[in-house]
Amino acid sequence: ESFASKSYVDRAHALGLEVWGVLDDFNYDNVHDAGIDVSAVLASTTKRLHLIESITELAVALGLDGINLDFEAQPSQERYQDYKQDFGQFVREMSVACRLNNLTFSIDNPVPNSNNTYLRRDVQGKVADYVIIMGYDEHLSSNGKASSAASINFVSKGIDDTLKLVPKEKVVNGIPFYGMLSKTKDAEVTYSDLIVKNVQDFLDRVGQTGTWDEEAQQLYAEWSSGGVKYQLWAETKESILVKLNVMRAKEIAGVAVWCLGCETPDVWEAISAYLNS
């Protein structure tokens, strides 16, 4: 299913912007309702090539400048090793099709860990133009403890582990335009996002000012109310500057963000300074 618009692409080009169309495996309810198994598609040479041909033909017709692959569905344990091989082959074949059609090929990845080696960063590092790290969602692996979404150590390690398999000139680190509010009640932790542009208003409403967390390198606030312990790790211009400085020191290719519209204007000052340094 395609949501692409030729008029959108043309308008972006008129503004001097490139457009990379995203191909993902998680935004389509009809795929899941129909029982389509992505791993079965990737396991078939015929189906893989049909998918690749369809995508690249559409990209060319739309005038896209690139394709961004964002496959995030975890393979089952039973299919893990097979999927690892199939995904690697899909990436190789996709890269060839992109080169033949003058399309930049980028791939999104979570930070490396033992559960996502199936993404074949070793293959990506050879054939993709850019390997993008989604340098956030740290809290998902916090084992039930309150956690930031993107502390500086988590971000830095994600880059270092990616650089073991991908040349630095291909690595792009994605930073979040959101922080993480954790709520602990009866030893159970739940989370909710807080986007950058809403941080100050939220702190004002709960009567908190926050302090700088030296370990996470983020704005931090903690308080209790109604038997619930609240902990907020907030992204601000200052915390994003810290991340950009780490990226500059590691000499990687650039920065990505998630997501547009969640930021404050001063964040772009920091990003512009990074891109022009």
# chains A, B, ... in the order shown; residues from 1 in each chain; ligands from 1

$ select_by_dssp --residues "region 87-163 of chain A" --states "strand (DSSP E or B)" --output "PyMOL selection string"
chain A and resi 104-110+130-134

$ residues_around --residues "Trp212 (chain A)" --least-positions-apart "2" --cutoff "12 Å" --atoms "only C-alpha atoms" --output "PyMOL selection string"
chain A and resi 209-210+214-222+232-236+238-239

$ residues_around --residues "Asn101 (chain A)" --least-positions-apart "6" --cutoff "10 Å" --atoms "only C-alpha atoms" --output "list in words"
Thr56, Glu57, Ala59, Val60, Asp65, Gly66 and Ser95 of chain A

$ write_last_selection --atoms "all heavy atoms" --output "PDB file, in the first residue's frame"
ATOM      1  N   THR A  56      10.936   0.015  -6.649  1.00  0.00           N
ATOM      2  CA  THR A  56      11.833   0.888  -7.410  1.00  0.00           C
ATOM      3  C   THR A  56      11.115   1.531  -8.597  1.00  0.00           C
ATOM      4  O   THR A  56      11.377   2.688  -8.932  1.00  0.00           O
ATOM      5  CB  THR A  56      13.074   0.117  -7.883  1.00  0.00           C
ATOM      6  OG1 THR A  56      12.680  -1.092  -8.556  1.00  0.00           O
ATOM      7  CG2 THR A  56      13.968  -0.240  -6.711  1.00  0.00           C
ATOM      8  N   GLU A  57      10.214   0.794  -9.224  1.00  0.00           N
ATOM      9  CA  GLU A  57       9.439   1.387 -10.324  1.00  0.00           C
ATOM     10  C   GLU A  57       8.582   2.548  -9.825  1.00  0.00           C
ATOM     11  O   GLU A  57       8.491   3.597 -10.476  1.00  0.00           O
ATOM     12  CB  GLU A  57       8.551   0.317 -10.968  1.00  0.00           C
ATOM     13  CG  GLU A  57       9.313  -0.662 -11.849  1.00  0.00           C
ATOM     14  CD  GLU A  57       8.428  -1.768 -12.382  1.00  0.00           C
ATOM     15  OE1 GLU A  57       7.190  -1.702 -12.171  1.00  0.00           O
ATOM     16  OE2 GLU A  57       8.961  -2.706 -13.009  1.00  0.00           O
ATOM     17  N   ALA A  59       9.213   4.343  -7.122  1.00  0.00           N
ATOM     18  CA  ALA A  59      10.129   5.413  -6.716  1.00  0.00           C
ATOM     19  C   ALA A  59      10.549   6.263  -7.914  1.00  0.00           C
ATOM     20  O   ALA A  59      10.590   7.490  -7.848  1.00  0.00           O
ATOM     21  CB  ALA A  59      11.352   4.823  -6.031  1.00  0.00           C
ATOM     22  N   VAL A  60      10.857   5.596  -9.030  1.00  0.00           N
ATOM     23  CA  VAL A  60      11.259   6.313 -10.242  1.00  0.00           C
ATOM     24  C   VAL A  60      10.095   7.135 -10.791  1.00  0.00           C
ATOM     25  O   VAL A  60      10.254   8.293 -11.185  1.00  0.00           O
ATOM     26  CB  VAL A  60      11.780   5.322 -11.299  1.00  0.00           C
ATOM     27  CG1 VAL A  60      11.979   6.029 -12.635  1.00  0.00           C
ATOM     28  CG2 VAL A  60      13.083   4.697 -10.837  1.00  0.00           C
ATOM     29  N   ASP A  65      14.329  10.499  -4.607  1.00  0.00           N
ATOM     30  CA  ASP A  65      15.786  10.534  -4.614  1.00  0.00           C
ATOM     31  C   ASP A  65      16.390   9.340  -3.893  1.00  0.00           C
ATOM     32  O   ASP A  65      17.588   9.077  -4.017  1.00  0.00           O
ATOM     33  CB  ASP A  65      16.276  11.819  -3.937  1.00  0.00           C
ATOM     34  CG  ASP A  65      15.678  13.052  -4.585  1.00  0.00           C
ATOM     35  OD1 ASP A  65      16.112  13.396  -5.700  1.00  0.00           O
ATOM     36  OD2 ASP A  65      14.745  13.646  -3.997  1.00  0.00           O
ATOM     37  N   GLY A  66      15.584   8.636  -3.123  1.00  0.00           N
ATOM     38  CA  GLY A  66      16.098   7.502  -2.378  1.00  0.00           C
ATOM     39  C   GLY A  66      14.998   6.664  -1.775  1.00  0.00           C
ATOM     40  O   GLY A  66      13.815   7.015  -1.817  1.00  0.00           O
ATOM     41  N   SER A  95      19.884  -3.070  -2.811  1.00  0.00           N
ATOM     42  CA  SER A  95      20.961  -2.105  -3.064  1.00  0.00           C
ATOM     43  C   SER A  95      21.303  -2.052  -4.542  1.00  0.00           C
ATOM     44  O   SER A  95      21.582  -0.980  -5.097  1.00  0.00           O
ATOM     45  CB  SER A  95      22.199  -2.460  -2.235  1.00  0.00           C
ATOM     46  OG  SER A  95      22.846  -3.618  -2.735  1.00  0.00           O
TER      47      SER A  95
END

$ atom_distance --atom1 "CA of Gly125 (chain A)" --atom2 "CA of Glu169 (chain A)"
9.9 Å

$ residues_around --residues "region 181-191 of chain A" --least-positions-apart "5" --cutoff "7 Å" --atoms "only C-alpha atoms" --output "VMD selection string"
chain A and resid 144 to 146 227 to 233

$ residues_around --residues "Lys6 (chain A)" --least-positions-apart "2" --cutoff "12 Å" --atoms "only C-alpha atoms" --output "ChimeraX atom specification"
/A:2-4,8-13,19,21,58-64

$ residues_around --residues "region 266-268 of chain A" --least-positions-apart "3" --cutoff "10 Å" --atoms "only C-alpha atoms" --output "PyMOL selection string"
chain A and resi 177+196-197+236-241+263+271-274

$ closest_residue --among "A:Asp122, A:Glu78, A:Asp201, A:Asp108" --to "Val257 (chain A)" --atoms "only C-alpha atoms"
A:Asp108

$ closest_atom_pairs --of "region 59-80 of chain A" --to "region 41-53 of chain A" --cutoff "12 Å" --atoms "only C-alpha atoms" --output "JSON lines"
{"residue": "A:Ala59", "atom": "CA", "partner": "A:Glu53", "partner_atom": "CA", "distance": 9.8}
{"residue": "A:Val60", "atom": "CA", "partner": "A:Glu53", "partner_atom": "CA", "distance": 10.6}
{"residue": "A:Ile67", "atom": "CA", "partner": "A:Ile52", "partner_atom": "CA", "distance": 10.8}
{"residue": "A:Leu69", "atom": "CA", "partner": "A:Ile52", "partner_atom": "CA", "distance": 11.3}
{"residue": "A:Phe71", "atom": "CA", "partner": "A:Leu42", "partner_atom": "CA", "distance": 11.5}
{"residue": "A:Pro75", "atom": "CA", "partner": "A:Leu42", "partner_atom": "CA", "distance": 11.4}
{"residue": "A:Arg79", "atom": "CA", "partner": "A:Ala43", "partner_atom": "CA", "distance": 10.3}
{"residue": "A:Tyr80", "atom": "CA", "partner": "A:Ala43", "partner_atom": "CA", "distance": 11.8}

$ write_last_selection --atoms "N, CA, C and O atoms" --output "PDB file, in the first residue's frame"
ATOM      1  N   ALA A  59       9.213   4.343  -7.122  1.00  0.00           N
ATOM      2  CA  ALA A  59      10.129   5.413  -6.716  1.00  0.00           C
ATOM      3  C   ALA A  59      10.549   6.263  -7.914  1.00  0.00           C
ATOM      4  O   ALA A  59      10.590   7.490  -7.848  1.00  0.00           O
ATOM      5  N   VAL A  60      10.857   5.596  -9.030  1.00  0.00           N
ATOM      6  CA  VAL A  60      11.259   6.313 -10.242  1.00  0.00           C
ATOM      7  C   VAL A  60      10.095   7.135 -10.791  1.00  0.00           C
ATOM      8  O   VAL A  60      10.254   8.293 -11.185  1.00  0.00           O
ATOM      9  N   ILE A  67      15.409   5.526  -1.220  1.00  0.00           N
ATOM     10  CA  ILE A  67      14.509   4.628  -0.506  1.00  0.00           C
ATOM     11  C   ILE A  67      15.105   4.355   0.864  1.00  0.00           C
ATOM     12  O   ILE A  67      16.295   4.051   0.991  1.00  0.00           O
ATOM     13  N   LEU A  69      14.702   1.903   4.053  1.00  0.00           N
ATOM     14  CA  LEU A  69      14.121   0.632   4.482  1.00  0.00           C
ATOM     15  C   LEU A  69      13.990   0.617   6.003  1.00  0.00           C
ATOM     16  O   LEU A  69      14.980   0.808   6.712  1.00  0.00           O
ATOM     17  N   PHE A  71      12.343  -1.984   8.336  1.00  0.00           N
ATOM     18  CA  PHE A  71      11.682  -3.235   8.724  1.00  0.00           C
ATOM     19  C   PHE A  71      11.948  -3.476  10.213  1.00  0.00           C
ATOM     20  O   PHE A  71      13.098  -3.656  10.614  1.00  0.00           O
ATOM     21  N   PRO A  75      11.623 -11.366  13.786  1.00  0.00           N
ATOM     22  CA  PRO A  75      11.343 -12.739  13.349  1.00  0.00           C
ATOM     23  C   PRO A  75      11.170 -13.656  14.553  1.00  0.00           C
ATOM     24  O   PRO A  75      11.706 -13.390  15.634  1.00  0.00           O
ATOM     25  N   ARG A  79      12.405 -18.988  13.177  1.00  0.00           N
ATOM     26  CA  ARG A  79      12.764 -18.490  11.851  1.00  0.00           C
ATOM     27  C   ARG A  79      13.994 -17.583  11.881  1.00  0.00           C
ATOM     28  O   ARG A  79      14.412 -17.083  10.838  1.00  0.00           O
ATOM     29  N   TYR A  80      14.574 -17.369  13.049  1.00  0.00           N
ATOM     30  CA  TYR A  80      15.596 -16.331  13.210  1.00  0.00           C
ATOM     31  C   TYR A  80      16.754 -16.484  12.229  1.00  0.00           C
ATOM     32  O   TYR A  80      17.098 -15.544  11.502  1.00  0.00           O
TER      33      TYR A  80
END

$ closest_residue --among "A:Ile55, A:Val111, A:Val123, A:Val242" --to "Gln85 (chain A)" --atoms "only C-alpha atoms"
A:Val123

$ decode --residues "region 192-215 of chain A" --atoms "C-alpha atoms" --output "PDB file, in the first residue's frame"
ATOM      1  CA  SER A 192       4.753   7.789  28.222  1.00  0.00           C
ATOM      2  CA  ASP A 193       6.547  10.045  25.740  1.00  0.00           C
ATOM      3  CA  LEU A 194       6.999  13.781  26.233  1.00  0.00           C
ATOM      4  CA  ILE A 195       7.971  15.669  23.092  1.00  0.00           C
ATOM      5  CA  VAL A 196      10.547  18.450  23.281  1.00  0.00           C
ATOM      6  CA  LYS A 197       8.180  21.318  22.537  1.00  0.00           C
ATOM      7  CA  ASN A 198       5.898  20.305  25.445  1.00  0.00           C
ATOM      8  CA  VAL A 199       8.597  19.894  28.123  1.00  0.00           C
ATOM      9  CA  GLN A 200       8.459  23.362  29.668  1.00  0.00           C
ATOM     10  CA  ASP A 201       4.677  23.527  29.723  1.00  0.00           C
ATOM     11  CA  PHE A 202       4.500  20.098  31.360  1.00  0.00           C
ATOM     12  CA  LEU A 203       7.038  21.007  34.062  1.00  0.00           C
ATOM     13  CA  ASP A 204       5.140  24.205  34.798  1.00  0.00           C
ATOM     14  CA  ARG A 205       1.875  22.276  35.186  1.00  0.00           C
ATOM     15  CA  VAL A 206       3.337  19.746  37.631  1.00  0.00           C
ATOM     16  CA  GLY A 207       5.284  22.425  39.532  1.00  0.00           C
ATOM     17  CA  GLN A 208       8.738  21.066  38.741  1.00  0.00           C
ATOM     18  CA  THR A 209      11.842  22.751  37.352  1.00  0.00           C
ATOM     19  CA  GLY A 210      14.133  19.792  36.781  1.00  0.00           C
ATOM     20  CA  THR A 211      17.895  19.489  37.201  1.00  0.00           C
ATOM     21  CA  TRP A 212      20.678  18.361  34.923  1.00  0.00           C
ATOM     22  CA  ASP A 213      21.354  14.612  35.167  1.00  0.00           C
ATOM     23  CA  GLU A 214      25.112  14.251  34.732  1.00  0.00           C
ATOM     24  CA  GLU A 215      24.914  10.537  34.014  1.00  0.00           C
TER      25      GLU A 215
END
